[in-house]
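Trainee: Input structure: work_22.txt, which contains compact mmCIF, C-alpha atoms and all ligand atoms.
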```txt
# COMPACT_ATOMS: atom_id res chain seq x y z
CA MET Q 347 -5.31 -22.29 2.28
CA GLU Q 348 -5.47 -23.98 -1.10
CA GLN Q 349 -2.22 -25.66 -1.95
CA ASN Q 350 -2.33 -25.19 -5.72
CA LYS Q 351 -2.80 -21.43 -5.60
CA LYS Q 352 0.11 -19.04 -5.59
CA THR Q 353 0.46 -16.67 -2.69
CA ILE Q 354 0.38 -12.92 -2.96
CA PHE Q 355 1.39 -10.62 -0.09
CA SER Q 356 1.36 -6.88 0.24
CA GLY Q 357 1.65 -4.44 3.09
CA ILE Q 358 0.47 -0.88 3.47
CA GLN Q 359 1.58 1.61 6.09
CA PRO Q 360 -0.97 3.30 8.36
CA SER Q 361 1.27 6.35 8.63
CA GLY Q 362 -1.01 8.62 6.64
CA LYS Q 363 -4.30 8.90 4.88
CA ILE Q 364 -5.00 7.08 1.64
CA THR Q 365 -5.10 9.32 -1.42
CA LEU Q 366 -6.90 8.90 -4.72
CA GLY Q 367 -3.44 8.09 -6.11
CA ASN Q 368 -2.92 5.23 -3.63
CA TYR Q 369 -6.39 3.94 -4.41
CA LEU Q 370 -6.12 4.00 -8.21
CA GLY Q 371 -2.49 2.88 -8.28
CA ALA Q 372 -2.64 0.04 -5.76
CA LEU Q 373 -5.64 -0.66 -3.53
CA ARG Q 374 -8.14 -0.82 -6.35
CA ASN Q 375 -6.27 -3.75 -7.90
CA TRP Q 376 -5.95 -5.80 -4.76
CA PRO Q 377 -9.42 -7.39 -4.78
CA THR Q 378 -8.79 -8.72 -8.30
CA PHE Q 379 -6.15 -11.07 -6.90
CA GLN Q 380 -8.25 -12.70 -4.23
CA ASP Q 381 -9.89 -15.38 -6.36
CA THR Q 382 -6.78 -16.58 -8.14
CA TYR Q 383 -4.26 -16.30 -5.30
CA ASN Q 384 -3.95 -16.96 -1.62
CA ALA Q 385 -4.12 -13.25 -0.96
CA ILE Q 386 -2.64 -11.83 2.23
CA TYR Q 387 -2.68 -8.15 3.13
CA SER Q 388 -1.26 -6.44 6.15
CA VAL Q 389 -1.56 -3.01 7.73
CA VAL Q 390 2.08 -2.62 8.69
CA ASP Q 391 2.01 -0.61 11.89
CA GLU Q 392 5.45 -1.88 12.96
CA HIS Q 393 6.95 -0.30 9.86
CA ALA Q 394 5.14 2.95 10.62
CA ILE Q 395 6.96 3.55 13.92
CA THR Q 396 10.34 3.78 12.19
CA VAL Q 397 9.41 7.46 12.02
CA ARG Q 398 7.81 9.16 15.00
CA GLN Q 399 4.01 8.77 15.14
CA ASN Q 400 1.36 10.26 17.35
CA PRO Q 401 0.01 7.16 19.22
CA ALA Q 402 -3.68 8.12 19.12
CA GLU Q 403 -3.40 8.99 15.42
CA LEU Q 404 -1.57 5.77 14.62
CA ARG Q 405 -4.24 3.72 16.36
CA ARG Q 406 -7.04 5.52 14.56
CA GLN Q 407 -5.34 5.36 11.20
CA THR Q 408 -4.57 1.67 11.56
CA LEU Q 409 -8.26 0.94 12.14
CA GLU Q 410 -9.35 3.29 9.38
CA LEU Q 411 -6.97 1.70 6.91
CA TYR Q 412 -8.08 -1.78 7.93
CA ALA Q 413 -11.71 -0.76 7.33
CA GLN Q 414 -10.75 0.85 4.02
CA LEU Q 415 -9.16 -2.34 2.72
CA ILE Q 416 -12.45 -4.13 3.27
CA ALA Q 417 -14.45 -1.20 1.90
CA CYS Q 418 -12.31 -1.32 -1.26
CA GLY Q 419 -13.50 -4.86 -1.88
CA LEU Q 420 -11.15 -7.16 0.00
CA ASP Q 421 -13.24 -9.97 1.42
CA PRO Q 422 -12.01 -11.21 4.83
CA GLU Q 423 -13.46 -14.64 3.96
CA LYS Q 424 -11.41 -14.99 0.80
CA SER Q 425 -8.29 -13.05 1.77
CA THR Q 426 -6.29 -12.80 4.95
CA ILE Q 427 -6.27 -9.22 6.20
CA PHE Q 428 -4.46 -8.43 9.42
CA ILE Q 429 -2.58 -5.89 11.49
CA GLN Q 430 1.17 -6.61 11.50
CA SER Q 431 1.75 -6.13 15.24
CA HIS Q 432 -0.95 -8.73 15.98
CA VAL Q 433 1.18 -11.46 14.46
CA PRO Q 434 4.34 -11.68 16.58
CA GLN Q 435 6.09 -13.93 14.06
CA HIS Q 436 6.94 -10.85 11.98
CA ALA Q 437 9.16 -9.39 14.66
CA GLU Q 438 10.57 -12.81 15.47
CA LEU Q 439 11.54 -13.74 11.93
CA SER Q 440 12.84 -10.24 11.42
CA TRP Q 441 15.40 -10.80 14.16
CA VAL Q 442 16.67 -14.02 12.63
CA LEU Q 443 16.84 -12.47 9.16
CA ASN Q 444 18.77 -9.51 10.57
CA CYS Q 445 21.55 -11.99 11.21
CA TYR Q 446 21.52 -12.97 7.53
CA THR Q 447 21.51 -9.45 6.14
CA MET Q 448 24.69 -7.47 5.62
CA PHE Q 449 25.31 -3.98 6.93
CA GLY Q 450 26.49 -3.01 3.46
CA GLU Q 451 23.27 -4.21 1.82
CA LEU Q 452 21.14 -2.12 4.15
CA SER Q 453 23.39 0.90 3.67
CA ARG Q 454 22.66 0.80 -0.05
CA MET Q 455 18.87 1.07 0.30
CA THR Q 456 17.78 4.33 -1.32
CA GLN Q 457 14.74 4.65 0.92
CA PHE Q 458 16.99 4.52 3.98
CA LYS Q 459 19.17 7.24 2.54
CA ASP Q 460 16.13 9.40 1.70
CA LYS Q 461 14.38 8.83 5.00
CA SER Q 462 17.47 9.44 7.10
CA ALA Q 463 17.96 12.71 5.24
CA ALA Q 464 14.30 13.64 5.88
CA HIS Q 465 14.41 12.61 9.56
CA ALA Q 466 17.99 13.55 10.45
CA ASP Q 467 17.06 13.90 14.12
CA ASN Q 468 15.82 10.31 14.36
CA ILE Q 469 17.99 7.93 12.33
CA ASN Q 470 17.13 4.90 14.44
CA GLY Q 471 18.02 1.24 14.02
CA GLY Q 472 14.49 0.41 12.90
CA LEU Q 473 14.76 2.79 9.98
CA PHE Q 474 17.94 0.98 8.96
CA THR Q 475 16.55 -2.56 9.34
CA TYR Q 476 13.11 -1.67 7.93
CA PRO Q 477 13.73 -3.74 4.77
CA VAL Q 478 14.51 -6.81 6.90
CA LEU Q 479 11.11 -6.56 8.58
CA MET Q 480 9.61 -6.23 5.12
CA ALA Q 481 11.50 -9.34 4.00
CA ALA Q 482 10.12 -11.17 7.05
CA ASP Q 483 6.57 -10.07 6.09
CA ILE Q 484 6.99 -11.55 2.65
CA LEU Q 485 8.98 -14.69 3.47
CA LEU Q 486 6.80 -15.77 6.42
CA TYR Q 487 3.95 -16.50 4.01
CA GLN Q 488 6.06 -18.08 1.27
CA ALA Q 489 4.76 -15.33 -1.00
CA ASP Q 490 5.32 -15.73 -4.74
CA LEU Q 491 4.15 -12.29 -5.74
CA VAL Q 492 4.45 -8.91 -4.02
CA PRO Q 493 2.46 -5.99 -5.47
CA VAL Q 494 4.34 -2.78 -4.67
CA GLY Q 495 5.12 0.60 -6.12
CA GLU Q 496 8.33 1.18 -8.05
CA ASP Q 497 9.90 2.72 -4.92
CA GLN Q 498 9.74 -0.67 -3.16
CA ARG Q 499 11.39 -2.73 -5.90
CA GLN Q 500 14.79 -2.55 -4.19
CA HIS Q 501 13.31 -3.87 -0.95
CA VAL Q 502 11.75 -6.88 -2.67
CA GLU Q 503 15.09 -7.49 -4.38
CA LEU Q 504 16.74 -7.52 -0.94
CA ALA Q 505 14.11 -9.98 0.34
CA ARG Q 506 15.09 -12.26 -2.54
CA ASN Q 507 18.78 -11.96 -1.67
CA ILE Q 508 18.09 -12.78 1.97
CA ALA Q 509 15.92 -15.77 0.99
CA GLN Q 510 18.58 -17.02 -1.39
CA ARG Q 511 21.32 -16.69 1.21
CA PHE Q 512 19.27 -18.49 3.85
CA ASN Q 513 18.19 -21.24 1.46
CA GLY Q 514 21.79 -21.59 0.33
CA VAL Q 515 22.86 -22.47 3.84
CA TYR Q 516 19.85 -24.48 5.07
CA GLY Q 517 18.00 -25.82 2.01
CA GLU Q 518 14.68 -24.71 0.53
CA VAL Q 519 13.06 -22.90 3.45
CA PHE Q 520 11.69 -19.82 1.67
CA ALA Q 521 9.82 -19.40 -1.61
CA MET Q 522 11.43 -16.88 -3.94
CA PRO Q 523 9.19 -13.79 -4.11
CA GLU Q 524 8.81 -11.56 -7.12
CA ALA Q 525 7.80 -7.89 -7.22
CA TYR Q 526 4.65 -7.09 -9.14
CA ILE Q 527 4.71 -3.47 -10.22
CA PRO Q 528 1.35 -2.57 -11.76
CA PRO Q 529 1.59 -0.86 -15.15
CA VAL Q 530 1.74 2.91 -14.68
CA GLY Q 531 -1.11 4.61 -16.52
CA ALA Q 532 -2.98 5.13 -13.28
CA ARG Q 533 -0.26 7.48 -12.08
CA VAL Q 534 -2.14 10.29 -10.47
CA MET Q 535 -0.45 13.69 -10.34
CA SER Q 536 -0.81 16.62 -7.94
CA LEU Q 537 -3.79 18.90 -8.64
CA SER Q 538 -1.79 22.04 -7.87
CA GLU Q 539 1.61 21.05 -9.30
CA PRO Q 540 0.73 18.50 -11.97
CA GLU Q 541 4.39 17.78 -12.80
CA LYS Q 542 4.65 16.05 -9.41
CA LYS Q 543 3.06 12.85 -8.17
CA MET Q 544 -0.04 13.28 -5.98
CA SER Q 545 1.23 12.96 -2.41
CA LYS Q 546 -0.35 13.40 0.99
CA SER Q 547 2.96 14.75 2.29
CA SER Q 548 2.48 17.89 0.22
CA GLU Q 549 2.00 21.10 2.21
CA ASN Q 550 -0.88 22.12 -0.02
CA GLU Q 551 -4.05 20.23 0.94
CA ASN Q 552 -5.64 21.18 -2.36
CA SER Q 553 -3.01 19.19 -4.24
CA TYR Q 554 -4.34 15.78 -3.22
CA ILE Q 555 -7.67 13.99 -2.87
CA LEU Q 556 -8.17 11.70 0.10
CA VAL Q 557 -10.41 8.66 -0.18
CA MET Q 558 -12.19 9.93 2.95
CA ASP Q 559 -12.65 13.52 1.71
CA PRO Q 560 -16.31 14.56 1.82
CA PRO Q 561 -17.91 15.36 -1.58
CA GLU Q 562 -17.85 19.14 -1.13
CA VAL Q 563 -14.12 19.03 -0.37
CA ILE Q 564 -13.44 16.91 -3.45
CA MET Q 565 -15.47 19.30 -5.60
CA ARG Q 566 -13.63 22.34 -4.22
CA LYS Q 567 -10.22 20.76 -4.86
CA PHE Q 568 -11.10 19.89 -8.46
CA LYS Q 569 -12.49 23.35 -9.14
CA ARG Q 570 -9.14 24.76 -7.97
CA ALA Q 571 -7.08 22.28 -9.98
CA VAL Q 572 -4.31 23.95 -11.97
CA THR Q 573 -4.83 23.82 -15.75
CA ASP Q 574 -3.45 26.18 -18.40
CA SER Q 575 -4.62 29.11 -20.52
CA GLU Q 576 -4.78 27.26 -23.83
CA GLY Q 577 -8.27 25.94 -23.28
CA GLY Q 578 -8.36 22.57 -25.10
CA ILE Q 579 -9.28 19.30 -23.43
CA TYR Q 580 -6.64 16.89 -24.69
CA ARG Q 581 -3.48 15.31 -23.33
CA SER Q 582 -0.10 16.86 -24.10
CA PRO Q 583 3.22 17.23 -22.24
CA GLU Q 584 2.57 20.98 -22.35
CA LYS Q 585 -0.72 20.47 -20.55
CA PRO Q 586 0.14 18.41 -17.47
CA GLY Q 587 -2.84 19.67 -15.44
CA VAL Q 588 -5.45 18.91 -18.08
CA SER Q 589 -3.76 15.61 -18.96
CA ASN Q 590 -3.97 14.59 -15.32
CA LEU Q 591 -7.67 15.46 -15.12
CA ILE Q 592 -8.33 13.41 -18.26
CA GLU Q 593 -6.40 10.45 -16.85
CA ILE Q 594 -8.23 10.66 -13.53
CA TYR Q 595 -11.62 10.85 -15.23
CA ALA Q 596 -10.71 7.90 -17.45
CA ALA Q 597 -9.45 5.86 -14.49
CA VAL Q 598 -12.55 6.34 -12.35
CA THR Q 599 -15.10 5.91 -15.14
CA GLY Q 600 -13.32 3.09 -16.98
CA GLU Q 601 -13.40 5.02 -20.26
CA SER Q 602 -10.27 5.32 -22.39
CA PRO Q 603 -8.48 8.70 -22.26
CA GLU Q 604 -9.05 8.99 -26.04
CA LYS Q 605 -12.78 8.64 -25.55
CA VAL Q 606 -12.71 11.26 -22.78
CA GLU Q 607 -10.89 13.71 -25.08
CA GLU Q 608 -13.45 13.06 -27.77
CA SER Q 609 -16.51 13.50 -25.61
CA PHE Q 610 -15.25 16.73 -24.00
CA SER Q 611 -13.78 18.31 -27.12
CA GLY Q 612 -14.97 21.87 -27.54
CA GLN Q 613 -15.96 22.22 -23.91
CA GLY Q 614 -14.31 24.58 -21.44
CA TYR Q 615 -12.44 23.86 -18.21
CA GLY Q 616 -15.28 25.51 -16.27
CA ALA Q 617 -17.52 22.55 -17.07
CA PHE Q 618 -14.86 19.83 -17.26
CA LYS Q 619 -13.33 20.32 -13.81
CA PRO Q 620 -16.58 19.81 -11.84
CA THR Q 621 -17.46 16.86 -14.08
CA VAL Q 622 -14.19 15.17 -13.11
CA GLY Q 623 -14.91 16.10 -9.48
CA GLU Q 624 -18.34 14.49 -9.62
CA ALA Q 625 -17.00 11.31 -11.18
CA VAL Q 626 -14.40 11.05 -8.41
CA VAL Q 627 -17.02 11.74 -5.73
CA GLU Q 628 -19.17 8.90 -7.08
CA ALA Q 629 -16.23 6.51 -7.38
CA LEU Q 630 -15.12 7.13 -3.79
CA ARG Q 631 -18.56 7.45 -2.19
CA PRO Q 632 -19.21 3.73 -1.59
CA ILE Q 633 -15.73 3.28 -0.13
CA ARG Q 634 -16.03 6.22 2.23
CA GLU Q 635 -19.50 5.23 3.35
CA GLU Q 636 -18.59 1.60 3.92
CA THR Q 637 -15.43 2.62 5.80
CA GLU Q 638 -17.48 4.87 8.07
CA ARG Q 639 -20.02 2.11 8.66
CA LEU Q 640 -17.30 -0.42 9.56
CA LEU Q 641 -15.56 2.02 11.90
CA LYS Q 642 -18.79 2.62 13.79
CA ASP Q 643 -19.32 -1.11 14.29
CA LYS Q 644 -16.31 -1.60 16.57
CA ALA Q 645 -17.23 -5.11 17.69
CA SER Q 646 -17.48 -6.49 14.15
CA LEU Q 647 -14.28 -4.77 13.09
CA GLU Q 648 -12.51 -6.26 16.09
CA THR Q 649 -13.79 -9.72 15.21
CA LEU Q 650 -12.53 -9.29 11.66
CA TYR Q 651 -9.01 -8.21 12.55
CA ARG Q 652 -8.68 -10.85 15.25
CA GLN Q 653 -9.72 -13.57 12.84
CA GLY Q 654 -7.36 -12.15 10.24
CA ALA Q 655 -4.47 -12.25 12.70
CA GLU Q 656 -5.31 -15.82 13.66
CA LYS Q 657 -5.31 -16.99 10.06
CA ALA Q 658 -2.06 -15.17 9.37
CA ALA Q 659 -0.37 -16.47 12.51
CA ALA Q 660 -1.19 -20.07 11.60
CA MET Q 661 0.66 -19.69 8.30
CA ALA Q 662 3.47 -17.63 9.77
CA ALA Q 663 4.08 -20.04 12.63
CA ARG Q 664 4.83 -22.87 10.20
CA THR Q 665 7.60 -20.95 8.49
CA LEU Q 666 9.02 -19.61 11.74
CA ARG Q 667 9.13 -23.08 13.29
CA LYS Q 668 11.10 -24.35 10.32
CA VAL Q 669 13.50 -21.41 10.51
CA HIS Q 670 14.10 -21.84 14.24
CA LYS Q 671 14.81 -25.51 13.73
CA LYS Q 672 17.21 -24.85 10.86
CA VAL Q 673 19.28 -22.30 12.76
CA GLY Q 674 19.53 -24.58 15.79
CA PHE Q 675 17.06 -23.25 18.34
CA VAL Q 676 15.71 -25.80 20.82
CA SER Q 677 12.07 -26.47 19.93
CA ARG Q 678 9.48 -24.96 22.28
N1 LIG Q 701 7.46 -0.81 2.62
C1 LIG Q 701 6.16 -0.82 1.97
C2 LIG Q 701 5.79 0.61 1.59
O1 LIG Q 701 6.15 1.54 2.25
C3 LIG Q 701 5.10 -1.39 2.87
C4 LIG Q 701 5.38 -2.82 3.18
C5 LIG Q 701 5.79 -3.33 4.37
C6 LIG Q 701 5.25 -3.90 2.27
N2 LIG Q 701 5.92 -4.68 4.28
C7 LIG Q 701 5.61 -5.08 3.02
C8 LIG Q 701 4.89 -4.02 0.92
C9 LIG Q 701 5.62 -6.33 2.42
C10 LIG Q 701 4.90 -5.28 0.34
C11 LIG Q 701 5.27 -6.43 1.08
O2 LIG Q 701 5.06 0.78 0.62
```
Kindly transcribe the structure held in the file into structure tokens.
Mentor:
Amino acid sequence: MEQNKKTIFSGIQPSGKITLGNYLGALRNWPTFQDTYNAIYSVVDEHAITVRQNPAELRRQTLELYAQLIACGLDPEKSTIFIQSHVPQHAELSWVLNCYTMFGELSRMTQFKDKSAAHADNINGGLFTYPVLMAADILLYQADLVPVGEDQRQHVELARNIAQRFNGVYGEVFAMPEAYIPPVGARVMSLSEPEKKMSKSSENENSYILVMDPPEVIMRKFKRAVTDSEGGIYRSPEKPGVSNLIEIYAAVTGESPEKVEESFSGQGYGAFKPTVGEAVVEALRPIREETERLLKDKASLETLYRQGAEKAAAMAARTLRKVHKKVGFVSR
């Protein structure tokens, strides 16, 4: 690890499939950090079990997501990419930090309130202390920057409060992390209800594109995308469906939305929708193919995630040792 570089940490849950929205809004940016930062990325399977998971699915999705991170351009030589449960320091630091986090603080987390409403039959302790595990993820690596979606801002804020409280008692143990919320713009909306964000939890499979969707499925979903009866290809609040298609096309081709409007002006939706579909197919193709290749080569994948965990554990152990010493544990 280079000392003069800042550290960036982010985690992603293996609790579902990655959508085009996840890719354009987050994953796609991650490789850009790996030259200028000590970049650390984790597939956070321990977070995933705060809601009930099917074990076989969780295992498969964890591996698939790990392979996808690499397929999206993260280089295991430059970055540290690991599976959270392979680095026991996360659970260990989480326990200590639990003792420096207030019941009231955790009660105020909006995600806890939302998730306990959505899973009323399983409001477990892990769901409540989820943000403490997330704080442990971040603080273990002395992360300076944490790329997350807007919905995670409150959790990063809590991590800062915990770090501040701990440092206040014991001296400078933790670096103070900051949330990095990428500029919106690449906010991808549902294909069937374009007023809503694209989400894999939607009941309608045609509303979202998965990174692993085969080309014919992507094409079918775009051909069914909801538009309007006005007919023009330009962005407007009255045309959320068409605006979304323009934004998606611009995001995957790298053209500006203005340029897209210009080059498609006068054309009909019948031609535009499959053109967007094709552009998305081509943008996702290398990622899907590389993910499939990595998943088939089990031995290499295993080597990669083991090495990732080893690198991560070496960094994490340093912080945990310091923490244990500060709180008064007898050294091992
Ligand atoms: N809670 C994050 C989410 O659901 C995932 C996550 C877990 C994370 N640990 C993290 C993100 C640490 C950033 C840093 O999106």
Trainee: List all protein, DNA and RNA residues that have any atom at most 8 Å from ligand LIG 701 (chain Q), counting all atoms listed in the file, and write the list as a short mmCIF file (atom, residue, chain, number, x, y, z; two decimals) with C-alpha atoms, keeping the file's coordinate frame.
Mentor:
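Written file, pocket.cif:
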```
data_model
loop_
_atom_site.label_atom_id
_atom_site.label_comp_id
_atom_site.auth_asym_id
_atom_site.auth_seq_id
_atom_site.Cartn_x
_atom_site.Cartn_y
_atom_site.Cartn_z
CA PHE Q 355 1.39 -10.62 -0.09
CA SER Q 356 1.36 -6.88 0.24
CA GLY Q 357 1.65 -4.44 3.09
CA ILE Q 358 0.47 -0.88 3.47
CA GLN Q 359 1.58 1.61 6.09
CA SER Q 388 -1.26 -6.44 6.15
CA VAL Q 390 2.08 -2.62 8.69
CA HIS Q 393 6.95 -0.30 9.86
CA TYR Q 476 13.11 -1.67 7.93
CA PRO Q 477 13.73 -3.74 4.77
CA LEU Q 479 11.11 -6.56 8.58
CA MET Q 480 9.61 -6.23 5.12
CA ALA Q 481 11.50 -9.34 4.00
CA ASP Q 483 6.57 -10.07 6.09
CA ILE Q 484 6.99 -11.55 2.65
CA VAL Q 492 4.45 -8.91 -4.02
CA PRO Q 493 2.46 -5.99 -5.47
CA VAL Q 494 4.34 -2.78 -4.67
CA GLY Q 495 5.12 0.60 -6.12
CA ASP Q 497 9.90 2.72 -4.92
CA GLN Q 498 9.74 -0.67 -3.16
CA HIS Q 501 13.31 -3.87 -0.95
CA VAL Q 502 11.75 -6.88 -2.67
#
```
Trainee: Need the shell around Q:Thr382: protein/DNA/RNA residues with any atom at most 9 Å away, counting all atoms listed in the file. Skip same-chain ones fewer than 4 positions apart. Format as JSON, numbers by chain?
Mentor: {"Q": [351, 352, 378]}
Trainee: Mind pulling up the distance from atom CA of Q:Val389 to atom CA of Q:Pro561?
Mentor: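 Going from atom CA of Q:Pro561 over to atom CA of Q:Val389 covers 26.3 Å.
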Trainee: Kindly give the distance, in Å, that separates atom CA of Q:Ile527 and atom CA of Q:Arg398, rounded to a single decimal.
Mentor: 28.4 Å
Trainee: Would you kindly return, as a list in words, each protein, DNA or RNA residue with an atom no farther than 12 Å from any atom of Q:Val563, considering only C-alpha atoms and excluding same-chain residues fewer than 2 positions away?
Mentor: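 Result of the neighbour search: Glu551, Asn552, Ser553, Tyr554, Ile555, Leu556, Val557, Met558, Asp559, Pro560, Pro561, Met565, Arg566, Lys567, Phe568, Lys569, Arg570, Pro620, Gly623, Glu624, Val626 and Val627 of chain Q.
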Trainee: Would you output that residue set with C-alpha atoms, as an mmCIF file, in the coordinates of the input?
Mentor:
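Writing done, so here's selection-v9.cif:
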```
data_model
loop_
_atom_site.group_PDB
_atom_site.id
_atom_site.type_symbol
_atom_site.label_atom_id
_atom_site.label_comp_id
_atom_site.auth_asym_id
_atom_site.auth_seq_id
_atom_site.Cartn_x
_atom_site.Cartn_y
_atom_site.Cartn_z
ATOM 1 C CA GLU Q 551 -4.050 20.230 0.940
ATOM 2 C CA ASN Q 552 -5.640 21.180 -2.360
ATOM 3 C CA SER Q 553 -3.010 19.190 -4.240
ATOM 4 C CA TYR Q 554 -4.340 15.780 -3.220
ATOM 5 C CA ILE Q 555 -7.670 13.990 -2.870
ATOM 6 C CA LEU Q 556 -8.170 11.700 0.100
ATOM 7 C CA VAL Q 557 -10.410 8.660 -0.180
ATOM 8 C CA MET Q 558 -12.190 9.930 2.950
ATOM 9 C CA ASP Q 559 -12.650 13.520 1.710
ATOM 10 C CA PRO Q 560 -16.310 14.560 1.820
ATOM 11 C CA PRO Q 561 -17.910 15.360 -1.580
ATOM 12 C CA MET Q 565 -15.470 19.300 -5.600
ATOM 13 C CA ARG Q 566 -13.630 22.340 -4.220
ATOM 14 C CA LYS Q 567 -10.220 20.760 -4.860
ATOM 15 C CA PHE Q 568 -11.100 19.890 -8.460
ATOM 16 C CA LYS Q 569 -12.490 23.350 -9.140
ATOM 17 C CA ARG Q 570 -9.140 24.760 -7.970
ATOM 18 C CA PRO Q 620 -16.580 19.810 -11.840
ATOM 19 C CA GLY Q 623 -14.910 16.100 -9.480
ATOM 20 C CA GLU Q 624 -18.340 14.490 -9.620
ATOM 21 C CA VAL Q 626 -14.400 11.050 -8.410
ATOM 22 C CA VAL Q 627 -17.020 11.740 -5.730
#
```
Trainee: Hey, what's within 10 Å of Q:Val669 if we count only C-alpha atoms and toss same-chain stuff fewer than 5 positions away? As a list of chain:residue names, please?
Mentor: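 Final neighbour list, sorted by chain and number: Q:Leu439, Q:Val442, Q:Leu443, Q:Leu486, Q:Phe512, Q:Tyr516, Q:Val519, Q:Phe520, Q:Ala663, Q:Arg664, Q:Gly674, Q:Phe675.
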Trainee: So the first atom is atom CA of Q:Val478 and the second is atom CA of Q:Val676; what is the distance between them in Å, to one decimal place?
Mentor: 23.6 Å
